[in-house]
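As structure tokens, the structure follows; a few thoughts come after it.
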2 protein chains.
Amino acid sequence: MNEELYKLPAAAAAEAIREGYITSEALVESCLERIDAREDEVRAWTYLDRDYALEQAREADRVRKSGQPIGPLQGVPVGVKDIFDTVDMPTEDGTVLHAGRRPIDDAFAVSQLRKAGAVILGKTVTTELAVFHPGKTRNPHDPAHTPGGSSSGSAAAVADSMVPLALGTQTNGSTIRPASFCGVVGYKPTFGLIPRAGVLEQSPPLDQVGVFARSVEDAALLAETLVGQHPDDPYTRFRATPPLLATARQDPPVEPKLAFVRSPVWDQAEAETQEAFAELVDFLGDAHVEEYNLGEGVDDVIEWHRCIMEADLAYSFARDYDRAADQLSDVLRGMIERGREVTAVDYNRAVRRIERINRRLHELFIEFDAVLTPATPGPAPAGLDTTGSPVFCTLWTYLGTPAISLPLLQGSNGLPLGVQLVGERHDDARLLRNARWLAGRIQQADAEAA
Amino acid sequence: MNEELYKLPAAAAAEAIREGYITSEALVESCLERIDAREDEVRAWTYLDRDYALEQAREADRVRKSGQPIGPLQGVPVGVKDIFDTVDMPTEDGTVLHAGRRPIDDAFAVSQLRKAGAVILGKTVTTELAVFHPGKTRNPHDPAHTPGGSSSGSAAAVADSMVPLALGTQTNGSTIRPASFCGVVGYKPTFGLIPRAGVLEQSPPLDQVGVFARSVEDAALLAETLVGQHPDDPYTRFRATPPLLATARQDPPVEPKLAFVRSPVWDQAEAETQEAFAELVDFLGDAHVEEYNLGEGVDDVIEWHRCIMEADLAYSFARDYDRAADQLSDVLRGMIERGREVTAVDYNRAVRRIERINRRLHELFIEFDAVLTPATPGPAPAGLDTTGSPVFCTLWTYLGTPAISLPLLQGSNGLPLGVQLVGERHDDARLLRNARWLAGRIQQADAEAA
């Protein structure tokens, strides 16, 4: 029976450890066995010290048995994208230029995990400097397909039940896209909710921490431990932690009404994605979903996002570029070189529009509980040369709104396809509650159909 | 006797009104008479409605007599630089392009003044869009000399006893410089302490609200009413208001030790300024002052500041430039045109260094209580074509440290010359206490010499 522990959802595992039904050591051992069996094919991990993982697990067990206070993730293993600094593991950022890098401190999010009692299982594969150039990871549903990126290893590891939870980030589509492609829940909280101190910096106005789990509840559990304020992240504030887990577990007091948003990039959705969403809208019915047109104000968001991101890549990676541009991928080098040409006026204009468009969107969120929109143009494309298109994530990353990808659809090739729900900024708890409602509704219908 | 009410310091006036010794109406009448007598020469005001000012004063008196709660500035008149939005007076920003502009809301600082019970006496002259091109104001000590800018009218009005208090701003030297030239106390609190909502935006990382008064105590009284948080100013935080006035009134528990900083622009100080500071340092003695070298890390601050400011002028005034570039001054047009060429990478690099240099300066503020440095290269230069050089203010504006100019010196031409004290960020109260200590020490010595 212990052999299947790796399949346990995080919340259930945490409870079983808390109640003494299982040990963290047994759970971590089971995850490590799963990894042993599958890693050759999936390649989700860039650093994994089995003995050290088990040592952390035994320490978590020891603390629990001693009667000392335990955390909400006591003994639960978590995978950490290799752009989060870890004081006890290398952090190499997916580039040979940072090979062997040993941070002198934990990222804020990692230190929150430790305070929550989690076991840092290991570091997961990221694309090069968390941008586009792929790492070694393959899609666990079909190794000939990309897992998406940039949080490739985190999404694949959770999807393949190697670990129940993992940390990612999103500057464009780096959480929602791999979640959609790998068939897991990917949740990117509101910009500013989780401090990015100790995370590889790409673009301060865009970088956001994300989480991966196999259920909405687990994603809420993980994200709630990460909320905070840090002086190194000026966008964070001291504020009460939103009750993400408790709210996600509630049923909505009234059934939600969703705004189906095709967004300005609808024509980039594959035909089967367009059909799948038409069916989904049809299935939910007029009572629960209504099409909503964002208007022309967001038509150029892809361009504004690019302007910010490329200019910031040029700033953030200037040292790497100056030292060894030839060791960067062509795609990243091109972005940096374009970024160097961006003027401060264009940059600031693009940054300032973030707030303005959010204010305009407030209307939408008065009328609707969440936006319903594709997470990706389609399921994971074949091949490992790219990580697929982030285009359905760009608008929401730019705006800093909370977004979640739910593994509710399937492409004709049998690969998963995510449904994205988006909420208003700082309304994360309600978004998670609505996401659990939607997932439940679809799963119930699937069960009835089966 | 009432004829001399205009000379009352703000704190004394507030107390006299509170205790019923004088009325706000009498005080405001006296200020208006002073203005009538002097405005032709000084030209400090761009908008002044005598009847409306008296109406506000009578209302302040009525509230006090009714026994309702009164504010710390109840009935005290304040001049407001004409780039702070006022809902009941035009706000024209010193440019014909904004002539007749009527804001629909008060700036945060103005609304704080109203809450404090102040009478908004009128709007004071600013340079063109609060940059370099002079307005009509003349130095009250000698009308052939500039009052400094950009808060020209506020500094001149307070210096000439037309009003005991006034609001200004500082993006480069716009509070400290005119305070030095006009011989008043100019105090620029820590960046982020006073929200800039409703103030003409030049440069978000640099714009700061400042205050003018004829004593340190009065400057503390005014500034303390302005502290706050506003969603439109992302650099502000909810935090306890520092006890500026109470601390400024205390004697330092130990006599302060000042760091005399020549700064990288020392060679731009006039010979008599250099001599005056040598004498000042000599007078204070080794026990109270020691020369401190900032090192090479700040040599290029003038350039970084220019990079940020010009790029932001190009952004902030794009609409004015596009509409009517020919109606902007040559100097502003040149800055905007240079600013359009600044790259985002250079801009962001310059912005990010602000934090880094502040962290390095922390060492200085462990060892010393405040920095002692010139406020301006010399007394107000002759002529009204420029507002003089802000070069001794640039570093501290860039860093966002609190700074105060004290009217303690005099040039050979008889015009005042400020001594600037600078503190660590968010250590405003201590800076004010040390400023009052220094002012007291010099005034005592002057009295003994006389």
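Residues are named by chain letter and number: chains run A, B, ... in the order of the structure tokens, numbers start at 1 in each chain, and ligands are numbered from 1 in the order shown.
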
>> With only C-alpha atoms as the counted atoms, please give the residues lying no more than 10 Å from Asp428 in chain A, apart from itself and same-chain residues fewer than 5 positions off, as an NGL selection string.
In response: :A and (187-190 or 193 or 220 or 242-244 or 247-248 or 401-404 or 422-423 or 433-434)

Within 7 Å of range 388-400 of chain A, counting only C-alpha atoms, which residues qualify if same-chain residues fewer than 6 places away don't, as a tab-separated table (two decimals) with N, CA, C and O atoms, in the first residue's frame?
```tsv
chain	number	residue	atom	x	y	z
A	148	GLY	N	5.80	22.15	-22.16
A	148	GLY	CA	5.60	23.59	-21.97
A	148	GLY	C	6.71	24.13	-21.08
A	148	GLY	O	7.51	23.38	-20.54
A	171	THR	N	6.25	34.89	-16.15
A	171	THR	CA	6.51	36.24	-16.65
A	171	THR	C	5.72	36.46	-17.94
A	171	THR	O	5.48	37.57	-18.37
A	172	ASN	N	5.36	35.34	-18.56
A	172	ASN	CA	4.49	35.38	-19.74
A	172	ASN	C	3.48	34.23	-19.58
A	172	ASN	O	2.36	34.46	-19.16
A	173	GLY	N	3.91	33.00	-19.88
A	173	GLY	CA	2.97	31.88	-19.72
A	173	GLY	C	3.57	30.71	-18.96
A	173	GLY	O	3.12	29.57	-19.12
A	176	ILE	N	0.87	28.73	-16.37
A	176	ILE	CA	-0.40	28.31	-16.96
A	176	ILE	C	-0.16	27.39	-18.18
A	176	ILE	O	-0.85	26.37	-18.36
A	177	ARG	N	0.80	27.72	-19.00
A	177	ARG	CA	1.06	26.94	-20.22
A	177	ARG	C	1.52	25.52	-19.90
A	177	ARG	O	0.90	24.55	-20.37
A	190	THR	N	-2.30	36.61	-7.68
A	190	THR	CA	-2.22	38.05	-8.00
A	190	THR	C	-0.78	38.55	-7.88
A	190	THR	O	-0.08	38.22	-6.92
A	191	PHE	N	-0.37	39.33	-8.85
A	191	PHE	CA	0.93	40.02	-8.81
A	191	PHE	C	1.08	40.75	-7.47
A	191	PHE	O	0.19	41.50	-7.07
A	206	LEU	N	6.53	42.18	-14.25
A	206	LEU	CA	5.82	41.02	-14.80
A	206	LEU	C	6.05	39.72	-14.02
A	206	LEU	O	5.16	38.87	-13.97
A	265	VAL	N	-6.51	37.23	-29.12
A	265	VAL	CA	-5.69	36.24	-29.82
A	265	VAL	C	-6.48	34.97	-30.15
A	265	VAL	O	-5.90	33.92	-30.40
A	301	VAL	N	-1.86	44.51	-26.21
A	301	VAL	CA	-1.21	44.07	-24.97
A	301	VAL	C	0.00	43.18	-25.25
A	301	VAL	O	1.03	43.30	-24.56
A	302	ILE	N	-0.09	42.32	-26.24
A	302	ILE	CA	1.04	41.44	-26.56
A	302	ILE	C	2.28	42.30	-26.84
A	302	ILE	O	3.39	41.98	-26.38
A	305	HIS	N	3.48	44.02	-23.57
A	305	HIS	CA	4.15	43.02	-22.73
A	305	HIS	C	5.55	42.73	-23.26
A	305	HIS	O	6.51	42.67	-22.51
A	354	ILE	N	-0.82	49.05	-17.32
A	354	ILE	CA	-1.26	47.89	-16.53
A	354	ILE	C	-2.37	48.32	-15.57
A	354	ILE	O	-3.42	47.69	-15.49
A	358	ASN	N	-6.50	47.46	-15.77
A	358	ASN	CA	-7.11	46.78	-14.63
A	358	ASN	C	-8.33	47.55	-14.11
A	358	ASN	O	-9.34	46.95	-13.75
A	374	PRO	N	-9.22	30.10	-22.94
A	374	PRO	CA	-8.24	29.02	-23.08
A	374	PRO	C	-6.95	29.32	-22.31
A	374	PRO	O	-6.62	30.48	-22.07
A	375	ALA	N	-6.25	28.27	-21.93
A	375	ALA	CA	-4.95	28.43	-21.28
A	375	ALA	C	-3.85	28.44	-22.33
A	375	ALA	O	-2.82	29.09	-22.17
A	376	THR	N	-4.06	27.67	-23.39
A	376	THR	CA	-3.08	27.54	-24.48
A	376	THR	C	-3.86	27.40	-25.78
A	376	THR	O	-5.05	27.06	-25.77
A	377	PRO	N	-3.20	27.64	-26.92
A	377	PRO	CA	-3.90	27.52	-28.21
A	377	PRO	C	-4.42	26.11	-28.45
A	377	PRO	O	-5.38	25.90	-29.19
A	380	ALA	N	-0.29	20.23	-25.94
A	380	ALA	CA	1.15	20.35	-26.17
A	380	ALA	C	1.50	19.97	-27.60
A	380	ALA	O	1.17	18.88	-28.06
A	381	PRO	N	2.18	20.86	-28.32
A	381	PRO	CA	2.58	20.50	-29.68
A	381	PRO	C	3.67	19.42	-29.67
A	381	PRO	O	4.37	19.25	-28.67
A	425	ARG	N	-7.74	41.20	-9.53
A	425	ARG	CA	-6.58	41.24	-8.64
A	425	ARG	C	-7.02	41.22	-7.17
A	425	ARG	O	-7.94	41.91	-6.80
```

Range 169-388 of chain A: residues DSSP assigns to alpha helix (DSSP H), reported as a ChimeraX atom specification
/A:176-182,216-226,244-249,271-284,301-316,318-324,330-339,344-367

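Near Val184 in chain A, within 6 Å and counting only C-alpha atoms, sit Ala159, Ala179, Arg214 and Pro407 of chain A; same-chain residues fewer than 3 positions away were not included.
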
For the selection you just gave me, I'd like the residues written to a file as a PDB file, in the first residue's frame, keeping C-alpha atoms.
```pdb
ATOM      1  CA  ALA A 159       1.649  15.654 -13.531  1.00  0.00           C
ATOM      2  CA  ALA A 179      -0.007  23.213 -16.505  1.00  0.00           C
ATOM      3  CA  ARG A 214      -3.147  18.031  -8.916  1.00  0.00           C
ATOM      4  CA  PRO A 407      -7.017  20.090 -16.618  1.00  0.00           C
TER       5      PRO A 407
END
```

* Any idea which chain B residues end up within 10 Å of chain A if we count only C-alpha atoms, as a VMD selection string please? -> chain B and resid 232 234 to 235 237 to 238 307 to 308 310 to 316 318 339 to 349 355

Nearby residues (only C-alpha atoms) at most 10 Å from Pro231 in chain A, same-chain spacing under 5 positions excluded, as a VMD selection string: chain A and resid 195 197 236 to 237

Here CA of Gly198 in chain A and CA of Thr91 in chain A stand apart by 10.4 Å

### Message
DSSP on the backbone: which residues in range 85-314 of chain A end up as strand (DSSP E or B)? Give the answer as a ChimeraX atom specification.
### Response
/A:119-124,145,165-170,185-188,199,208-213,258-260,289-291

Would you output that residue set with N, CA, C and O atoms, as a short mmCIF file (atom, residue, chain, number, x, y, z; two decimals), in the first residue's frame?
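Contents of part_2.cif, freshly written:
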```cif
data_model
loop_
_atom_site.label_atom_id
_atom_site.label_comp_id
_atom_site.auth_asym_id
_atom_site.auth_seq_id
_atom_site.Cartn_x
_atom_site.Cartn_y
_atom_site.Cartn_z
N VAL A 119 9.20 19.35 2.85
CA VAL A 119 10.47 18.77 2.44
C VAL A 119 10.80 19.33 1.05
O VAL A 119 9.98 19.19 0.13
N ILE A 120 11.94 19.99 0.91
CA ILE A 120 12.34 20.46 -0.42
C ILE A 120 12.93 19.26 -1.14
O ILE A 120 14.10 18.90 -0.92
N LEU A 121 12.12 18.63 -1.99
CA LEU A 121 12.52 17.36 -2.57
C LEU A 121 13.72 17.53 -3.51
O LEU A 121 14.65 16.72 -3.49
N GLY A 122 13.69 18.56 -4.32
CA GLY A 122 14.80 18.80 -5.24
C GLY A 122 14.46 19.96 -6.14
O GLY A 122 13.42 20.62 -5.96
N LYS A 123 15.34 20.23 -7.10
CA LYS A 123 15.15 21.36 -8.00
C LYS A 123 14.68 20.84 -9.36
O LYS A 123 15.23 19.87 -9.89
N THR A 124 13.68 21.51 -9.91
CA THR A 124 13.10 21.05 -11.17
C THR A 124 13.63 21.87 -12.36
O THR A 124 14.05 23.01 -12.20
N HIS A 145 6.38 15.08 -26.93
CA HIS A 145 5.77 16.41 -26.88
C HIS A 145 6.40 17.26 -25.78
O HIS A 145 6.87 16.75 -24.77
N LEU A 165 3.35 18.63 -5.13
CA LEU A 165 3.33 20.08 -5.25
C LEU A 165 4.64 20.57 -5.84
O LEU A 165 5.69 19.95 -5.62
N ALA A 166 4.59 21.70 -6.55
CA ALA A 166 5.84 22.29 -7.02
C ALA A 166 5.68 23.78 -7.22
O ALA A 166 4.58 24.28 -7.47
N LEU A 167 6.80 24.48 -7.11
CA LEU A 167 6.84 25.93 -7.35
C LEU A 167 7.24 26.23 -8.78
O LEU A 167 8.14 25.59 -9.33
N GLY A 168 6.61 27.24 -9.37
CA GLY A 168 7.01 27.74 -10.68
C GLY A 168 6.97 29.26 -10.65
O GLY A 168 6.82 29.87 -9.59
N THR A 169 7.11 29.85 -11.81
CA THR A 169 6.98 31.30 -11.94
C THR A 169 6.28 31.58 -13.26
O THR A 169 6.12 30.67 -14.09
N GLN A 170 5.87 32.83 -13.46
CA GLN A 170 5.26 33.20 -14.73
C GLN A 170 5.56 34.66 -15.04
O GLN A 170 5.21 35.55 -14.26
N VAL A 185 -3.15 21.28 -12.31
CA VAL A 185 -3.62 22.60 -11.93
C VAL A 185 -2.40 23.51 -11.81
O VAL A 185 -1.44 23.19 -11.11
N GLY A 186 -2.42 24.62 -12.54
CA GLY A 186 -1.38 25.64 -12.40
C GLY A 186 -2.07 26.91 -11.95
O GLY A 186 -3.06 27.33 -12.55
N TYR A 187 -1.56 27.49 -10.89
CA TYR A 187 -2.22 28.69 -10.33
C TYR A 187 -1.19 29.79 -10.15
O TYR A 187 -0.17 29.61 -9.50
N LYS A 188 -1.46 30.92 -10.78
CA LYS A 188 -0.61 32.10 -10.67
C LYS A 188 -1.36 33.14 -9.85
O LYS A 188 -2.29 33.77 -10.34
N VAL A 199 14.32 34.99 -6.25
CA VAL A 199 13.95 34.33 -7.50
C VAL A 199 14.68 35.06 -8.64
O VAL A 199 14.75 36.29 -8.63
N GLN A 208 6.07 36.71 -11.69
CA GLN A 208 5.13 36.28 -10.66
C GLN A 208 5.40 34.83 -10.28
O GLN A 208 5.77 34.03 -11.12
N VAL A 209 5.23 34.53 -9.00
CA VAL A 209 5.41 33.15 -8.53
C VAL A 209 4.13 32.37 -8.82
O VAL A 209 3.03 32.91 -8.70
N GLY A 210 4.26 31.11 -9.24
CA GLY A 210 3.11 30.26 -9.49
C GLY A 210 3.27 28.92 -8.79
O GLY A 210 4.37 28.59 -8.33
N VAL A 211 2.18 28.17 -8.72
CA VAL A 211 2.25 26.86 -8.06
C VAL A 211 1.59 25.79 -8.93
O VAL A 211 0.71 26.09 -9.75
N PHE A 212 2.05 24.55 -8.73
CA PHE A 212 1.48 23.39 -9.43
C PHE A 212 0.98 22.38 -8.41
O PHE A 212 1.64 22.14 -7.39
N ALA A 213 -0.18 21.77 -8.73
CA ALA A 213 -0.74 20.75 -7.86
C ALA A 213 -1.67 19.89 -8.73
O ALA A 213 -1.86 20.18 -9.91
N LEU A 258 -19.76 33.07 -15.32
CA LEU A 258 -18.45 33.26 -15.95
C LEU A 258 -18.56 34.11 -17.21
O LEU A 258 -19.57 34.05 -17.92
N ALA A 259 -17.52 34.88 -17.47
CA ALA A 259 -17.44 35.66 -18.71
C ALA A 259 -16.53 34.89 -19.68
O ALA A 259 -15.34 34.74 -19.41
N PHE A 260 -17.10 34.40 -20.74
CA PHE A 260 -16.28 33.72 -21.74
C PHE A 260 -15.59 34.79 -22.59
O PHE A 260 -16.23 35.54 -23.31
N VAL A 289 -22.63 31.14 -18.01
CA VAL A 289 -21.57 31.73 -18.83
C VAL A 289 -22.17 32.62 -19.90
O VAL A 289 -23.28 32.36 -20.40
N GLU A 290 -21.47 33.69 -20.17
CA GLU A 290 -21.93 34.63 -21.18
C GLU A 290 -20.68 35.16 -21.88
O GLU A 290 -19.67 35.41 -21.22
N GLU A 291 -20.78 35.33 -23.18
CA GLU A 291 -19.59 35.83 -23.87
C GLU A 291 -19.38 37.30 -23.53
O GLU A 291 -20.33 38.07 -23.38
#
```

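Residues in contact range of His288 in chain B, defined as at most 8 Å between only C-alpha atoms, with sequence neighbours fewer than 4 positions away removed, read Glu255, Pro256, Lys257, Leu258 and Leu284 of chain B.
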
Residue neighbourhood Pro164 in chain A, 12 Å, only C-alpha atoms, exclusion window fewer than 4 positions, as a JSON list (two decimals) with C-alpha atoms, in the first residue's frame:
```json
[["chain", "number", "residue", "atom", "x", "y", "z"],
["A", 5, "LEU", "CA", 1.64, 6.95, -1.32],
["A", 6, "TYR", "CA", 3.09, 9.10, -4.09],
["A", 7, "LYS", "CA", -0.41, 9.43, -5.52],
["A", 8, "LEU", "CA", -1.75, 11.12, -2.39],
["A", 9, "PRO", "CA", -2.95, 14.68, -2.82],
["A", 10, "ALA", "CA", -0.94, 17.15, -0.75],
["A", 11, "ALA", "CA", -3.73, 18.11, 1.63],
["A", 12, "ALA", "CA", -4.50, 14.43, 2.30],
["A", 13, "ALA", "CA", -0.81, 13.62, 2.76],
["A", 14, "ALA", "CA", -0.37, 16.53, 5.17],
["A", 27, "LEU", "CA", 5.81, 9.38, 1.54],
["A", 28, "VAL", "CA", 9.13, 10.75, 0.33],
["A", 30, "SER", "CA", 7.40, 6.50, -2.39],
["A", 31, "CYS", "CA", 7.92, 9.68, -4.42],
["A", 32, "LEU", "CA", 11.59, 8.83, -4.91],
["A", 34, "ARG", "CA", 8.19, 6.95, -8.61],
["A", 73, "LEU", "CA", 2.89, 21.18, 4.87],
["A", 75, "GLY", "CA", 6.59, 16.39, 5.83],
["A", 76, "VAL", "CA", 5.05, 17.03, 2.41],
["A", 77, "PRO", "CA", 7.58, 17.03, -0.45],
["A", 78, "VAL", "CA", 7.65, 19.99, -2.82],
["A", 79, "GLY", "CA", 9.57, 20.42, -6.08],
["A", 80, "VAL", "CA", 11.22, 23.80, -6.61],
["A", 118, "ALA", "CA", 7.71, 21.01, 3.76],
["A", 119, "VAL", "CA", 10.47, 18.77, 2.44],
["A", 120, "ILE", "CA", 12.34, 20.46, -0.42],
["A", 121, "LEU", "CA", 12.52, 17.36, -2.57],
["A", 154, "SER", "CA", 7.66, 21.43, -11.96],
["A", 155, "ALA", "CA", 4.61, 20.88, -14.17],
["A", 156, "ALA", "CA", 5.84, 17.49, -15.45],
["A", 157, "ALA", "CA", 6.86, 16.21, -12.00],
["A", 158, "VAL", "CA", 3.49, 17.04, -10.48],
["A", 159, "ALA", "CA", 1.65, 15.65, -13.53],
["A", 160, "ASP", "CA", 3.60, 12.42, -13.30],
["A", 184, "VAL", "CA", -2.26, 19.65, -13.85],
["A", 185, "VAL", "CA", -3.62, 22.60, -11.93],
["A", 211, "VAL", "CA", 2.25, 26.86, -8.06],
["A", 212, "PHE", "CA", 1.48, 23.39, -9.43],
["A", 213, "ALA", "CA", -0.74, 20.75, -7.86],
["A", 214, "ARG", "CA", -3.15, 18.03, -8.92],
["A", 215, "SER", "CA", -6.20, 19.73, -7.43],
["A", 217, "GLU", "CA", -7.43, 22.56, -3.06],
["A", 218, "ASP", "CA", -3.77, 21.54, -3.11],
["A", 219, "ALA", "CA", -2.84, 24.60, -5.14],
["A", 221, "LEU", "CA", -2.82, 24.98, 0.30],
["A", 222, "LEU", "CA", 0.59, 25.61, -1.26]]
```

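Take CA of Leu294 in chain A and CA of Glu201 in chain B: the distance between them is 29.3 Å.
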
Residue with the minimum atom-to-atom distance to Lys136 in chain A, picked from A:Val42, A:Ile336, A:Val261, A:Leu328 with only C-alpha atoms counted, is A:Val42

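Minimum atom-to-atom distance to Glu224 in chain A, evaluated using only C-alpha atoms, belongs to A:Leu432 out of A:Trp437, A:Arg64, A:Glu128, A:Leu432.
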
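The interatomic distance for the pair CA of His141 in chain B and CA of Asp51 in chain B works out to 28.5 Å.
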
Exercise: Val96 in chain A partners within 12 Å, only C-alpha atoms, chain neighbours under 5 positions left out, as a JSON list (two decimals) with N, CA, C and O atoms, in the first residue's frame:
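As a result, part.json now contains:
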```json
[["chain", "number", "residue", "atom", "x", "y", "z"],
["A", 91, "THR", "N", 21.54, 26.31, -7.55],
["A", 91, "THR", "CA", 20.46, 27.01, -8.26],
["A", 91, "THR", "C", 21.09, 27.53, -9.54],
["A", 91, "THR", "O", 21.83, 28.50, -9.53],
["A", 101, "ARG", "N", 26.23, 27.31, -9.38],
["A", 101, "ARG", "CA", 25.90, 28.46, -8.53],
["A", 101, "ARG", "C", 25.29, 27.99, -7.20],
["A", 101, "ARG", "O", 24.37, 27.17, -7.18],
["A", 127, "THR", "N", 13.44, 26.23, -18.30],
["A", 127, "THR", "CA", 14.05, 26.61, -19.58],
["A", 127, "THR", "C", 15.23, 27.53, -19.28],
["A", 127, "THR", "O", 15.42, 27.96, -18.14],
["A", 128, "GLU", "N", 16.00, 27.85, -20.28],
["A", 128, "GLU", "CA", 17.16, 28.74, -20.13],
["A", 128, "GLU", "C", 16.73, 30.07, -19.50],
["A", 128, "GLU", "O", 15.91, 30.80, -20.08],
["A", 129, "LEU", "N", 17.25, 30.34, -18.32],
["A", 129, "LEU", "CA", 16.96, 31.60, -17.61],
["A", 129, "LEU", "C", 15.46, 31.90, -17.55],
["A", 129, "LEU", "O", 15.03, 33.04, -17.55],
["A", 135, "GLY", "N", 14.52, 23.18, -21.67],
["A", 135, "GLY", "CA", 15.40, 22.29, -20.95],
["A", 135, "GLY", "C", 15.19, 20.86, -21.43],
["A", 135, "GLY", "O", 14.65, 20.62, -22.51],
["A", 320, "ASP", "N", 25.30, 38.47, -18.11],
["A", 320, "ASP", "CA", 25.48, 37.22, -18.86],
["A", 320, "ASP", "C", 25.74, 37.51, -20.34],
["A", 320, "ASP", "O", 26.59, 36.88, -20.96],
["A", 324, "ALA", "N", 29.22, 36.46, -22.09],
["A", 324, "ALA", "CA", 29.24, 35.28, -22.96],
["A", 324, "ALA", "C", 27.96, 35.18, -23.77],
["A", 324, "ALA", "O", 27.19, 34.22, -23.65],
["A", 325, "ALA", "N", 27.74, 36.17, -24.62],
["A", 325, "ALA", "CA", 26.52, 36.18, -25.44],
["A", 325, "ALA", "C", 26.43, 34.90, -26.27],
["A", 325, "ALA", "O", 25.33, 34.39, -26.54],
["A", 326, "ASP", "N", 27.57, 34.35, -26.67],
["A", 326, "ASP", "CA", 27.55, 33.16, -27.53],
["A", 326, "ASP", "C", 27.06, 31.93, -26.78],
["A", 326, "ASP", "O", 26.75, 30.92, -27.41],
["A", 327, "GLN", "N", 27.01, 32.00, -25.47],
["A", 327, "GLN", "CA", 26.50, 30.84, -24.73],
["A", 327, "GLN", "C", 25.02, 30.98, -24.40],
["A", 327, "GLN", "O", 24.46, 30.15, -23.68],
["A", 328, "LEU", "N", 24.41, 32.02, -24.90],
["A", 328, "LEU", "CA", 22.96, 32.16, -24.77],
["A", 328, "LEU", "C", 22.31, 31.61, -26.03],
["A", 328, "LEU", "O", 22.91, 31.59, -27.10],
["A", 329, "SER", "N", 21.06, 31.16, -25.91],
["A", 329, "SER", "CA", 20.35, 30.66, -27.08],
["A", 329, "SER", "C", 20.08, 31.81, -28.05],
["A", 329, "SER", "O", 20.05, 32.99, -27.65]]
```
